[in-house]
Structure formats: structure tokens, C-alpha cells
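File shown here: work.txt, holding compact mmCIF, C-alpha atoms.
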```txt
# COMPACT_ATOMS: atom_id res chain seq x y z
CA MET A 1 105.68 92.21 118.56
CA SER A 2 105.06 89.03 120.56
CA ASP A 3 101.65 87.39 120.76
CA GLY A 4 99.51 88.67 123.57
CA SER A 5 102.08 91.14 124.69
CA VAL A 6 100.90 93.99 126.90
CA ARG A 7 102.80 97.22 127.26
CA ARG A 8 103.02 98.38 130.87
CA VAL A 9 103.99 101.83 132.01
CA ARG A 10 104.67 101.92 135.73
CA SER A 11 104.33 105.13 137.68
CA THR A 12 107.56 106.69 138.83
CA GLY A 13 108.47 107.22 142.42
CA ASN A 14 108.06 110.98 142.00
CA ASN A 15 104.47 110.58 140.80
CA ARG A 16 103.64 108.37 143.75
CA SER A 17 105.22 110.85 146.15
CA LEU A 18 103.13 113.66 144.69
CA SER A 19 100.05 111.47 144.99
CA ARG A 20 100.76 110.78 148.67
CA ALA A 21 101.35 114.47 149.32
CA TRP A 22 98.05 115.36 147.67
CA THR A 23 95.88 112.66 149.26
CA ALA A 24 97.27 112.90 152.80
CA PRO A 25 95.31 116.06 153.74
CA VAL A 26 92.16 114.55 152.22
CA ARG A 27 92.50 111.36 154.25
CA ALA A 28 93.10 113.37 157.38
CA MET A 29 89.97 115.44 156.77
CA ASN A 30 87.93 112.31 156.04
CA ARG A 31 89.03 110.76 159.32
CA PHE A 32 88.23 114.01 161.12
CA LEU A 33 84.73 114.16 159.60
CA GLY A 34 84.11 110.47 160.11
CA SER A 35 83.61 109.72 156.40
CA ALA A 36 86.39 107.14 156.41
CA ASP A 37 87.19 104.81 159.22
CA SER A 38 90.75 103.65 159.30
CA PRO A 39 90.94 101.22 156.37
CA ASP A 40 93.43 98.41 156.28
CA PRO A 41 97.00 99.37 155.34
CA GLY A 42 96.77 97.66 151.97
CA ALA A 43 93.72 99.67 150.92
CA GLU A 44 95.39 102.89 152.02
CA GLN A 45 98.44 102.00 149.96
CA CYS A 46 96.19 101.51 146.93
CA ALA A 47 94.73 104.95 147.47
CA ASP A 48 98.25 106.33 147.20
CA SER A 49 99.26 104.59 143.99
CA ALA A 50 96.99 102.43 141.87
CA VAL A 51 93.71 104.27 142.45
CA VAL A 52 93.00 106.73 139.66
CA ASP A 53 89.59 107.77 140.96
CA CYS A 54 87.07 106.53 143.52
CA GLY A 55 83.58 107.96 143.41
CA VAL A 56 80.26 107.21 145.06
CA TYR A 57 77.15 107.67 142.93
CA VAL A 58 73.69 108.03 144.46
CA ASP A 59 70.75 107.88 142.07
CA GLY A 60 73.18 108.43 139.20
CA LYS A 61 74.83 111.53 140.67
CA ARG A 62 78.28 111.64 142.16
CA GLU A 63 78.56 112.47 145.81
CA PRO A 64 80.97 115.32 146.57
CA GLY A 65 84.16 114.58 148.44
CA GLU A 66 87.08 112.19 148.29
CA TYR A 67 86.78 108.63 149.59
CA SER A 68 89.11 105.74 150.16
CA PRO A 69 87.95 102.45 148.56
CA SER A 70 86.73 101.02 151.86
CA ALA A 71 84.92 104.22 152.93
CA ALA A 72 83.26 104.52 149.53
CA LEU A 73 81.94 100.96 149.75
CA ARG A 74 80.55 101.52 153.24
CA LEU A 75 78.75 104.64 152.10
CA ALA A 76 77.30 102.88 149.05
CA ARG A 77 76.02 99.97 151.14
CA SER A 78 74.20 102.37 153.41
CA ARG A 79 71.98 103.40 150.47
CA ASP A 80 69.93 101.19 148.15
CA ASP A 81 70.39 103.46 145.11
CA ALA A 82 74.16 103.98 145.46
CA PHE A 83 77.23 102.31 144.00
CA VAL A 84 80.99 102.82 143.84
CA TRP A 85 83.12 103.28 140.73
CA LEU A 86 86.72 102.49 141.59
CA GLY A 87 89.28 103.04 138.85
CA LEU A 88 92.70 101.34 139.07
CA HIS A 89 95.69 101.62 136.79
CA GLN A 90 98.23 98.78 136.71
CA PRO A 91 97.90 97.70 140.35
CA SER A 92 100.52 95.48 141.92
CA ASP A 93 99.75 92.13 143.50
CA SER A 94 99.61 93.55 147.02
CA GLU A 95 97.49 96.51 145.95
CA MET A 96 94.99 94.33 144.13
CA SER A 97 94.84 91.88 147.03
CA ALA A 98 93.92 94.73 149.39
CA ILE A 99 91.09 95.79 147.07
CA ALA A 100 89.95 92.16 146.82
CA ARG A 101 89.69 91.85 150.61
CA THR A 102 87.63 95.02 150.79
CA TYR A 103 85.25 94.20 147.93
CA GLY A 104 85.15 90.41 148.26
CA LEU A 105 86.76 89.55 144.93
CA HIS A 106 87.82 86.00 144.11
CA GLU A 107 91.54 85.24 144.26
CA LEU A 108 91.60 83.87 140.70
CA ALA A 109 90.12 87.11 139.41
CA VAL A 110 92.76 89.06 141.33
CA GLU A 111 95.51 87.01 139.70
CA ASP A 112 94.07 87.69 136.25
CA ALA A 113 93.83 91.40 137.00
CA VAL A 114 97.50 91.63 137.96
CA GLN A 115 98.96 89.50 135.17
CA ALA A 116 97.00 91.28 132.40
CA GLU A 117 97.43 88.48 129.89
CA GLN A 118 93.83 87.33 129.52
CA ARG A 119 91.70 86.88 126.44
CA PRO A 120 88.41 88.79 126.25
CA LYS A 121 85.86 86.87 128.29
CA LEU A 122 82.94 87.12 130.68
CA GLU A 123 83.10 85.21 133.97
CA GLN A 124 81.14 85.11 137.18
CA PHE A 125 82.43 84.52 140.71
CA GLY A 126 79.52 84.56 143.11
CA ASP A 127 77.67 87.85 142.72
CA VAL A 128 80.54 89.50 140.84
CA HIS A 129 80.74 89.46 137.05
CA ILE A 130 84.11 90.01 135.38
CA LEU A 131 84.36 91.37 131.85
CA VAL A 132 87.82 91.23 130.29
CA LEU A 133 88.57 93.50 127.34
CA ARG A 134 91.69 93.97 125.24
CA THR A 135 92.33 97.62 124.48
CA ALA A 136 94.01 98.84 121.31
CA ARG A 137 95.61 102.09 120.21
CA TYR A 138 97.08 103.16 116.88
CA VAL A 139 100.72 104.21 117.09
CA PRO A 140 101.46 107.09 114.67
CA HIS A 141 104.54 106.66 112.48
CA SER A 142 105.99 108.68 109.65
CA GLU A 143 106.91 105.66 107.53
CA LEU A 144 106.14 101.97 107.58
CA THR A 145 109.37 100.06 108.21
CA GLU A 146 110.38 96.51 109.08
CA THR A 147 110.14 97.29 112.81
CA SER A 148 107.27 99.79 112.91
CA GLN A 149 104.87 99.45 115.83
CA ILE A 150 101.41 100.04 114.43
CA VAL A 151 99.01 98.78 117.10
CA GLU A 152 99.60 98.95 120.85
CA THR A 153 97.39 96.75 122.99
CA GLY A 154 96.56 96.60 126.68
CA GLN A 155 93.95 95.11 128.95
CA MET A 156 90.84 96.33 130.72
CA MET A 157 89.05 94.34 133.42
CA VAL A 158 85.65 95.38 134.71
CA PHE A 159 84.42 93.90 138.00
CA VAL A 160 80.67 94.43 138.34
CA GLY A 161 79.00 93.80 141.69
CA GLU A 162 75.63 94.75 143.09
CA GLN A 163 76.83 98.10 144.41
CA PHE A 164 80.25 98.59 142.88
CA VAL A 165 82.14 98.52 139.63
CA ILE A 166 85.93 98.29 139.52
CA THR A 167 87.87 99.04 136.33
CA VAL A 168 91.46 97.80 136.17
CA ARG A 169 93.44 99.21 133.26
CA HIS A 170 96.83 98.07 131.99
CA GLY A 171 98.69 100.10 129.40
CA ASP A 172 97.81 103.46 127.87
CA ALA A 173 95.68 102.17 125.01
CA SER A 174 92.37 103.39 126.47
CA GLU A 175 91.98 106.12 129.07
CA LEU A 176 88.76 106.40 131.06
CA VAL A 177 88.88 109.99 132.28
CA SER A 178 86.72 111.16 129.38
CA VAL A 179 84.34 108.22 129.89
CA ARG A 180 83.80 109.13 133.55
CA ALA A 181 83.37 112.81 132.72
CA GLY A 182 80.82 112.00 130.01
CA LEU A 183 78.78 109.78 132.31
CA GLU A 184 78.77 112.41 135.04
CA THR A 185 77.63 115.23 132.73
CA GLU A 186 76.18 114.44 129.30
CA ARG A 187 74.92 110.93 130.11
CA ALA A 188 74.07 111.32 133.77
CA ALA A 189 70.67 109.65 133.31
CA LEU A 190 72.41 106.45 132.25
CA MET A 191 74.18 106.22 135.61
CA GLN A 192 70.83 105.65 137.32
CA HIS A 193 70.89 102.09 135.98
CA GLY A 194 73.79 101.19 138.25
CA PRO A 195 77.21 99.55 137.78
CA TRP A 196 76.36 97.93 134.44
CA ALA A 197 75.96 101.40 132.94
CA VAL A 198 79.65 101.98 133.67
CA ALA A 199 80.53 98.59 132.17
CA TYR A 200 78.65 99.56 129.01
CA ALA A 201 80.37 102.95 128.74
CA VAL A 202 83.82 101.37 129.16
CA THR A 203 83.08 98.70 126.57
CA ASP A 204 81.71 101.30 124.18
CA ARG A 205 84.88 103.35 124.56
CA VAL A 206 87.11 100.34 123.87
CA VAL A 207 85.14 99.30 120.77
CA ASP A 208 85.08 102.86 119.43
CA LEU A 209 88.86 102.85 119.62
CA TYR A 210 88.81 99.60 117.64
CA LEU A 211 87.00 101.43 114.84
CA GLU A 212 89.54 104.25 114.88
CA VAL A 213 92.46 101.81 114.76
CA ALA A 214 90.82 99.87 111.92
CA ASP A 215 90.39 103.03 109.82
CA GLN A 216 94.01 104.07 110.35
CA VAL A 217 95.32 100.58 109.61
CA GLU A 218 93.37 100.69 106.36
CA ALA A 219 95.32 103.82 105.36
CA ASP A 220 98.60 101.97 105.99
CA LEU A 221 97.38 99.05 103.89
CA ASP A 222 96.58 101.41 101.01
CA ILE A 223 100.11 102.83 101.14
CA LEU A 224 101.59 99.34 101.27
CA GLU A 225 99.50 98.23 98.32
CA GLU A 226 100.58 101.22 96.25
CA ARG A 227 104.24 100.46 96.96
CA VAL A 228 103.89 96.85 95.88
CA PHE A 229 102.24 97.63 92.55
CA ALA A 230 104.15 100.84 91.74
CA ARG A 231 106.27 100.58 88.59
CA GLY A 232 109.96 100.21 89.30
CA THR A 233 109.51 99.91 93.06
CA GLY A 234 108.41 97.25 95.46
CA SER A 235 107.76 97.10 99.18
CA PRO A 236 110.15 94.72 100.94
CA ILE A 237 108.56 91.51 102.13
CA GLN A 238 109.76 92.26 105.68
CA GLN A 239 107.46 95.29 105.82
CA ILE A 240 104.50 93.18 104.75
CA TYR A 241 105.27 90.59 107.41
CA GLN A 242 105.57 93.32 110.06
CA MET A 243 102.18 94.67 109.04
CA LYS A 244 100.74 91.17 109.21
CA ARG A 245 102.11 90.62 112.74
CA GLU A 246 100.57 93.88 113.91
CA LEU A 247 97.26 92.95 112.31
CA VAL A 248 97.34 89.56 114.03
CA GLU A 249 97.74 91.24 117.42
CA PHE A 250 94.87 93.59 116.66
CA ARG A 251 92.74 90.65 115.54
CA ARG A 252 93.39 88.82 118.82
CA ALA A 253 92.07 91.82 120.70
CA VAL A 254 88.93 92.27 118.60
CA VAL A 255 87.61 88.88 117.51
CA PRO A 256 87.38 87.07 120.90
CA LEU A 257 85.22 89.87 122.32
CA GLN A 258 82.30 88.71 120.17
CA ARG A 259 81.43 85.83 122.46
CA PRO A 260 81.17 87.85 125.73
CA LEU A 261 79.04 90.50 124.05
CA ALA A 262 76.84 87.84 122.48
CA THR A 263 76.27 86.42 125.97
CA ILE A 264 75.40 89.84 127.36
CA THR A 265 73.03 90.79 124.53
CA ALA A 266 71.26 87.42 124.26
CA PRO A 267 67.46 87.84 124.74
CA GLN A 268 67.39 85.16 127.44
CA SER A 269 70.36 86.67 129.27
CA ARG A 270 69.84 87.79 132.86
CA VAL A 271 73.36 89.08 133.33
CA VAL A 272 72.64 92.69 132.41
CA PRO A 273 69.52 94.76 133.18
CA LYS A 274 67.17 95.00 130.23
CA GLU A 275 67.58 98.77 129.99
CA ILE A 276 71.35 98.45 129.53
CA ARG A 277 71.19 95.41 127.25
CA ARG A 278 69.99 97.51 124.33
CA TYR A 279 73.06 99.73 124.68
CA PHE A 280 75.30 96.69 124.58
CA ARG A 281 73.58 95.62 121.34
CA ASP A 282 74.78 98.85 119.75
CA VAL A 283 78.32 98.10 120.94
CA HIS A 284 78.00 94.57 119.54
CA ASP A 285 77.03 95.99 116.14
CA HIS A 286 80.11 98.21 116.13
CA LEU A 287 82.28 95.27 117.11
CA THR A 288 80.84 93.16 114.29
CA ARG A 289 81.74 95.89 111.84
CA THR A 290 85.28 96.00 113.18
CA VAL A 291 85.63 92.22 112.93
CA GLU A 292 84.53 92.34 109.31
CA GLN A 293 87.07 95.07 108.60
CA VAL A 294 89.90 93.15 110.27
CA THR A 295 88.99 89.99 108.36
CA SER A 296 88.99 91.85 105.05
CA TYR A 297 92.33 93.48 105.94
CA ASP A 298 93.81 90.07 106.63
CA ASP A 299 92.61 88.79 103.24
CA LEU A 300 93.94 91.91 101.52
CA LEU A 301 97.30 91.59 103.24
CA ASN A 302 97.55 87.96 102.16
CA SER A 303 96.83 89.04 98.59
CA ILE A 304 99.47 91.76 98.80
CA LEU A 305 102.00 89.26 100.14
CA GLN A 306 101.20 86.76 97.39
CA ALA A 307 101.46 89.48 94.76
CA ARG A 308 104.83 90.59 96.09
CA LEU A 309 106.12 87.02 96.12
CA ALA A 310 104.90 86.60 92.55
CA GLN A 311 106.73 89.80 91.60
CA VAL A 312 109.93 88.47 93.14
CA THR A 313 109.57 85.24 91.16
CA VAL A 314 108.94 87.15 87.92
CA ASP A 315 111.96 89.40 88.56
CA GLN A 316 114.12 86.35 89.13
CA ASN A 317 112.90 84.76 85.90
CA ASN A 318 113.61 87.99 84.00
CA ASP A 319 117.13 88.06 85.40
CA MET A 320 117.70 84.44 84.39
CA ARG A 321 116.47 85.13 80.84
CA LYS A 322 118.82 88.12 80.53
CA ILE A 323 121.74 86.02 81.74
CA ALA A 324 120.82 83.23 79.31
CA ALA A 325 120.51 85.70 76.39
CA TRP A 326 123.92 87.27 76.99
CA ALA A 327 125.41 83.80 77.47
CA GLY A 328 123.97 82.78 74.06
CA ILE A 329 125.54 85.79 72.41
CA ALA A 330 128.89 85.09 74.07
CA THR A 331 128.70 81.46 72.93
CA VAL A 332 129.06 82.52 69.28
CA TRP A 333 132.41 84.15 69.97
CA THR A 334 133.54 81.30 72.19
CA ALA A 335 132.65 78.68 69.57
CA VAL A 336 134.36 80.40 66.63
CA ALA A 337 137.42 81.36 68.66
CA GLY A 338 137.61 77.82 70.01
CA VAL A 339 137.63 76.34 66.50
CA TYR A 340 140.36 78.64 65.25
CA GLY A 341 142.34 78.27 68.45
CA MET A 342 143.00 74.56 67.96
CA ASN A 343 146.16 75.32 65.86
CA PHE A 344 145.61 72.63 63.23
CA GLU A 345 148.04 72.81 60.31
CA HIS A 346 145.35 72.59 57.64
CA MET A 347 142.64 75.11 58.54
CA PRO A 348 140.41 76.94 56.00
CA GLU A 349 141.24 80.58 55.40
CA THR A 350 144.25 80.55 57.70
CA GLN A 351 146.46 81.80 54.94
CA TRP A 352 143.92 84.30 53.60
CA LEU A 353 144.86 87.95 54.01
CA TYR A 354 141.32 89.01 55.02
CA GLY A 355 140.49 85.92 57.03
CA TYR A 356 140.68 87.55 60.48
CA PRO A 357 138.53 90.64 59.78
CA VAL A 358 135.96 88.53 57.93
CA VAL A 359 135.60 86.08 60.81
CA VAL A 360 135.29 88.90 63.36
CA SER A 361 132.69 90.62 61.17
CA ILE A 362 130.68 87.41 60.92
CA MET A 363 130.74 87.00 64.72
CA LEU A 364 129.61 90.60 65.19
CA LEU A 365 126.78 90.13 62.68
CA ILE A 366 125.55 86.96 64.39
CA SER A 367 125.74 88.70 67.80
CA VAL A 368 123.66 91.67 66.55
CA LEU A 369 121.05 89.35 65.04
CA LEU A 370 120.81 87.37 68.29
CA TYR A 371 120.55 90.57 70.35
CA ARG A 372 117.66 91.84 68.19
CA ALA A 373 115.91 88.48 68.43
CA PHE A 374 116.24 88.36 72.22
CA ARG A 375 115.16 91.99 72.48
CA ARG A 376 112.08 91.38 70.35
CA ASN A 377 111.06 88.44 72.53
CA GLY A 378 111.51 90.39 75.76
CA TRP A 379 114.58 88.60 77.01
CA LEU A 380 116.73 91.74 76.96
```
Using C-alpha cells, write down the structure that the file contains.
Amino acid sequence: MSDGSVRRVRSTGNNRSLSRAWTAPVRAMNRFLGSADSPDPGAEQCADSAVVDCGVYVDGKREPGEYSPSAALRLARSRDDAFVWLGLHQPSDSEMSAIARTYGLHELAVEDAVQAEQRPKLEQFGDVHILVLRTARYVPHSELTETSQIVETGQMMVFVGEQFVITVRHGDASELVSVRAGLETERAALMQHGPWAVAYAVTDRVVDLYLEVADQVEADLDILEERVFARGTGSPIQQIYQMKRELVEFRRAVVPLQRPLATITAPQSRVVPKEIRRYFRDVHDHLTRTVEQVTSYDDLLNSILQARLAQVTVDQNNDMRKIAAWAGIATVWTAVAGVYGMNFEHMPETQWLYGYPVVVSIMLLISVLLYRAFRRNGWL
């Protein structure tokens, strides 16, 4: 898996056709009721494809009805206690540019949202704060191999304005449907604090998935460790390296997020409302735990790799000692046979009737004694 790679799953043409067929009557009704003036073509195209959900929340409660991104923003700006939550999934350049024109997003932020190759960070462009998160998901597998994909990563960008929050998701590592449903039902009071409440809930969801991935990676490490130290078996070094590459990718998603959360939770910070800052502190604690786990996993994996390399070295030394022992035994026969194979005229015992069997017996005796000596010393 390459560094910083992000898996993208584009919607098929059939899905987009179904989306257009479903949203067309809604748009027509909105125009008829006056809830949506004719938005620009780019925004309408986004409503057909990249927009997962677009809701208007007044005093923490979602307003009924369907809205285009531009109509939702106009409605939110007509109320002081309202904001828009616009959810996008893998928007194209043109789709994101249309949203940027409607919501006044900076062009550099739009480029980052489309490319989806950013490190976790917190930036500010005017009145809009941008929180970049790397999502992670554990990929189930029956057996750890040299090519097993263990951790799948993606990207989440959260644009937080005064009366809107835009979430841009790339990859399938972290869905937000359950997050939105939870905020609208079980945690509806939290939505009264505005767009930063959504940013907290999204961050909390991403970090909770980090914890799940870390626990499941730990199980894989236990299996790998057992294979390395099991008698008579050994995990191939390629599997250990594959596990290390996957852990490196997971680490690059988790560790850099510490700095943005530290900025948000700092006592002197004015980025986030005080009521929401305490929630972010809880997320920061969970992230710190995950970072500690990932660091310990990296150390453990290095130890496993070193142990496996040491085992390979020991196995090679044992093989060399066995070869040397058998070569020593064979040398006895070679030496004696070489002496008697020189065909000198005057050789001892050449005319003796029992010379041949005696010499062979002596060579066998010496070979047995050498074998027992090598066996006793662990060479054979």
C-alpha cells in the first residue's frame, strides 16, 4: 500500500440516474412552493450526484423538507439560530467549485477537498475553519498474507462557517449517516450549539473508528507473534513487512491529528465555543490513547521483526554446523582412501589378508565416534 494513498469509490452512472429521478420531483415542488429559487447549474448538478444529504437546522432541530444547497443556505441566513449541514461524498472539481461559489469557500480549500491527499490539519480562510481528518477502517481477512490489506484509509474535510458546516468524505472508511441520525435524535440538544457540534460529532466518530482499528490490529499482531515463536514454524518476513506497511499508513492517519485537536482544546483557543470545547477534550483523550497503542504496536512489530531475523540467522548457523559435521565425518574416509589409493609398491598391510576389512572397520568406528561427539555438542 503506497504512502498516503486514498481509496476512492466513484458512483456509477445508474446510481446517479436513480438520484436524478428521485430528486427531480422534489426540486420541482420546491420551485413551486418557492423554497428554492433557481440555483446555478453547478449547484443543481451537485444535488444530483455528490450531495448525500442537505439539512437545515433551526435551534438544533431539523426543518422538514428537501433543499438544494443554495436554498438551504438562504433559509439558514434568514434566521439567527439556524445553520446548514451539507454532506458531500467524493465530489468532482466542478461539483466542489459550484458549492464553493455558493458558500464562499476559498479556492485552495476546494482544491484540497477534491484531491483528498491532505494531512490532518486545522486551517482558517476568512470566517471559515477547515478541519482535515484521515479516516481509517479495518479490512477483515481470513489469513494474514504477504499482500493482505489490513487498514483502509480515506479523508474527511469539515468546513465550518458561521451558519453552515460542510462535510466532504472520500472513501468508505467512515460513514456519517449514523452520526447525523444520532445528532437528530439522541443528541439533539448538542445541535443547539451550532456547526461546531457537527464538527465534534464527526471527529468523535473518526477517532472511535481509530480505537476499533487499533484493537483489531492488536489481534493480528498477537497471531503474528505466535507464528514467529511457535516451535517448528516461522512467519515469513514478507508478512511482517506487510503488517509494518499497514501500520505505518494507520500511524500517518492518527498521529498528525494530535496538533489540530490540541489547538482546538487549548484553554486560550477561541476557535470553538466553550461548550463544545469540553467535548473535543474527550475526543483528544481517545486520540492520545490510540497514539499510544499505535506507538507500542510499532515497537512490538520491530521486536518481532528482529526476533525473526535472529531466528533466520540461528537457522543458517545450525545448517552450517550440520554441513561442517558431515564434512568432518566424510573427511576420515577421504583421507584413508586417499592414502591407500596412491598405489605405492611398499605400503603397510597391502599384502595382509584382512587388511581391507580392518581398514574399513576402523573408518566406520572413527565415523561413529565423530557422529556421537557432534550429536552431543548439538551440531547434528
*Can you work out the spacing between CA of Glu184 (chain A) and CA of Val202 (chain A) in Å, to one decimal?*
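Separating CA of Glu184 (chain A) from CA of Val202 (chain A) is a distance of 13.5 Å.
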_Can you measure CA of Leu86 (chain A) to CA of Glu212 (chain A) for me? One decimal in Å is fine._
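One can read the CA of Leu86 (chain A) to CA of Glu212 (chain A) distance as 26.9 Å.
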*Give me, please, the distance in Å between CA of Glu225 (chain A) and CA of Leu211 (chain A), quoted to one decimal.*
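It comes out at 21.0 Å.
Excluding Ala76 (chain A) itself and same-chain residues fewer than 5 positions from it, the residues having an atom within 9 Å of it are Val56, Tyr57, Val58, Ala71, Asp81, Ala82, Phe83, Val84, Gln163 and Phe164 of chain A, counting all atoms listed in the file.
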With C-alpha atoms retained, export the selected residues as a JSON list (two decimals), in the frame of the given file.
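Generated file (result17.json):
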```
[["chain", "number", "residue", "atom", "x", "y", "z"],
["A", 56, "VAL", "CA", 80.26, 107.21, 145.06],
["A", 57, "TYR", "CA", 77.15, 107.67, 142.93],
["A", 58, "VAL", "CA", 73.69, 108.03, 144.46],
["A", 71, "ALA", "CA", 84.92, 104.22, 152.93],
["A", 81, "ASP", "CA", 70.39, 103.46, 145.11],
["A", 82, "ALA", "CA", 74.16, 103.98, 145.46],
["A", 83, "PHE", "CA", 77.23, 102.31, 144.00],
["A", 84, "VAL", "CA", 80.99, 102.82, 143.84],
["A", 163, "GLN", "CA", 76.83, 98.10, 144.41],
["A", 164, "PHE", "CA", 80.25, 98.59, 142.88]]
```
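Among the candidates A:Lys274, A:Glu246, A:Leu133, A:Trp85, the one nearest to His193 (chain A) when counting all atoms listed in the file is A:Lys274.
A distance cut-off of 12 Å around (99.2, 94.4, 89.1), counting only C-alpha atoms, selects these protein and nucleic acid residues: Glu225, Glu226, Arg227, Val228, Phe229, Ala230, Arg231, Gly234, Ser303, Ile304, Gln306, Ala307, Arg308, Ala310 and Gln311 of chain A.
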*Can you tell me, as a list in words, what residues are no more than 7 Å from Arg137 (chain A) when counting only C-alpha atoms, ignoring any on the same chain fewer than 6 positions away?*
Val151, Glu152, Thr153, Ala173, Leu209 and Val213 of chain A
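Using all atoms listed in the file, the shortest contact distance between Pro91 (chain A) and any of A:Val217, A:Leu73, A:Met157, A:Ala253 is found at A:Met157.
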*Excluding same-chain residues fewer than 5 positions from Val283 (chain A), what lies within 8 Å of it counting all atoms listed in the file, as a ChimeraX atom specification?*
/A:203-204,207
*Please provide as a VMD selection string all residues within 12 Å of Val255 (chain A), with the sequence filter that same-chain residues fewer than 5 positions apart are discarded (counting only C-alpha atoms).*
chain A and resid 119 to 121 133 to 134 207 210 247 to 250 260 to 262 284 287 to 295
Write out as a short mmCIF file (atom, residue, chain, number, x, y, z; two decimals) with C-alpha atoms, keeping the file's coordinate frame each polymer residue whose atoms come within 10 Å of Ala337 (chain A), counting all atoms listed in the file; drop sequence neighbours fewer than 5 positions from it.
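Saved the output as out-v1.cif:
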```
data_model
loop_
_atom_site.label_atom_id
_atom_site.label_comp_id
_atom_site.auth_asym_id
_atom_site.auth_seq_id
_atom_site.Cartn_x
_atom_site.Cartn_y
_atom_site.Cartn_z
CA THR A 331 128.70 81.46 72.93
CA VAL A 332 129.06 82.52 69.28
CA MET A 342 143.00 74.56 67.96
CA VAL A 359 135.60 86.08 60.81
CA VAL A 360 135.29 88.90 63.36
CA MET A 363 130.74 87.00 64.72
#
```
*Which residue gives the smallest distance to Tyr103 (chain A) among A:Phe374, A:Phe159, A:Tyr279, A:Tyr200, with only C-alpha atoms counted?*
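Ranking A:Phe374, A:Phe159, A:Tyr279, A:Tyr200 by distance to Tyr103 (chain A), first place goes to A:Phe159.
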*From the list A:Ile362, A:Leu380, A:Leu190, A:Ala113, which residue is nearest Arg321 (chain A) when using all atoms listed in the file?*
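Among the listed residues, A:Leu380 lies closest to Arg321 (chain A).
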_My list of candidates is A:Gly87, A:Val271, A:Ile223, A:Glu63. Which is closest to Gln124 (chain A) when distances are computed with all atoms listed in the file?_
A:Val271
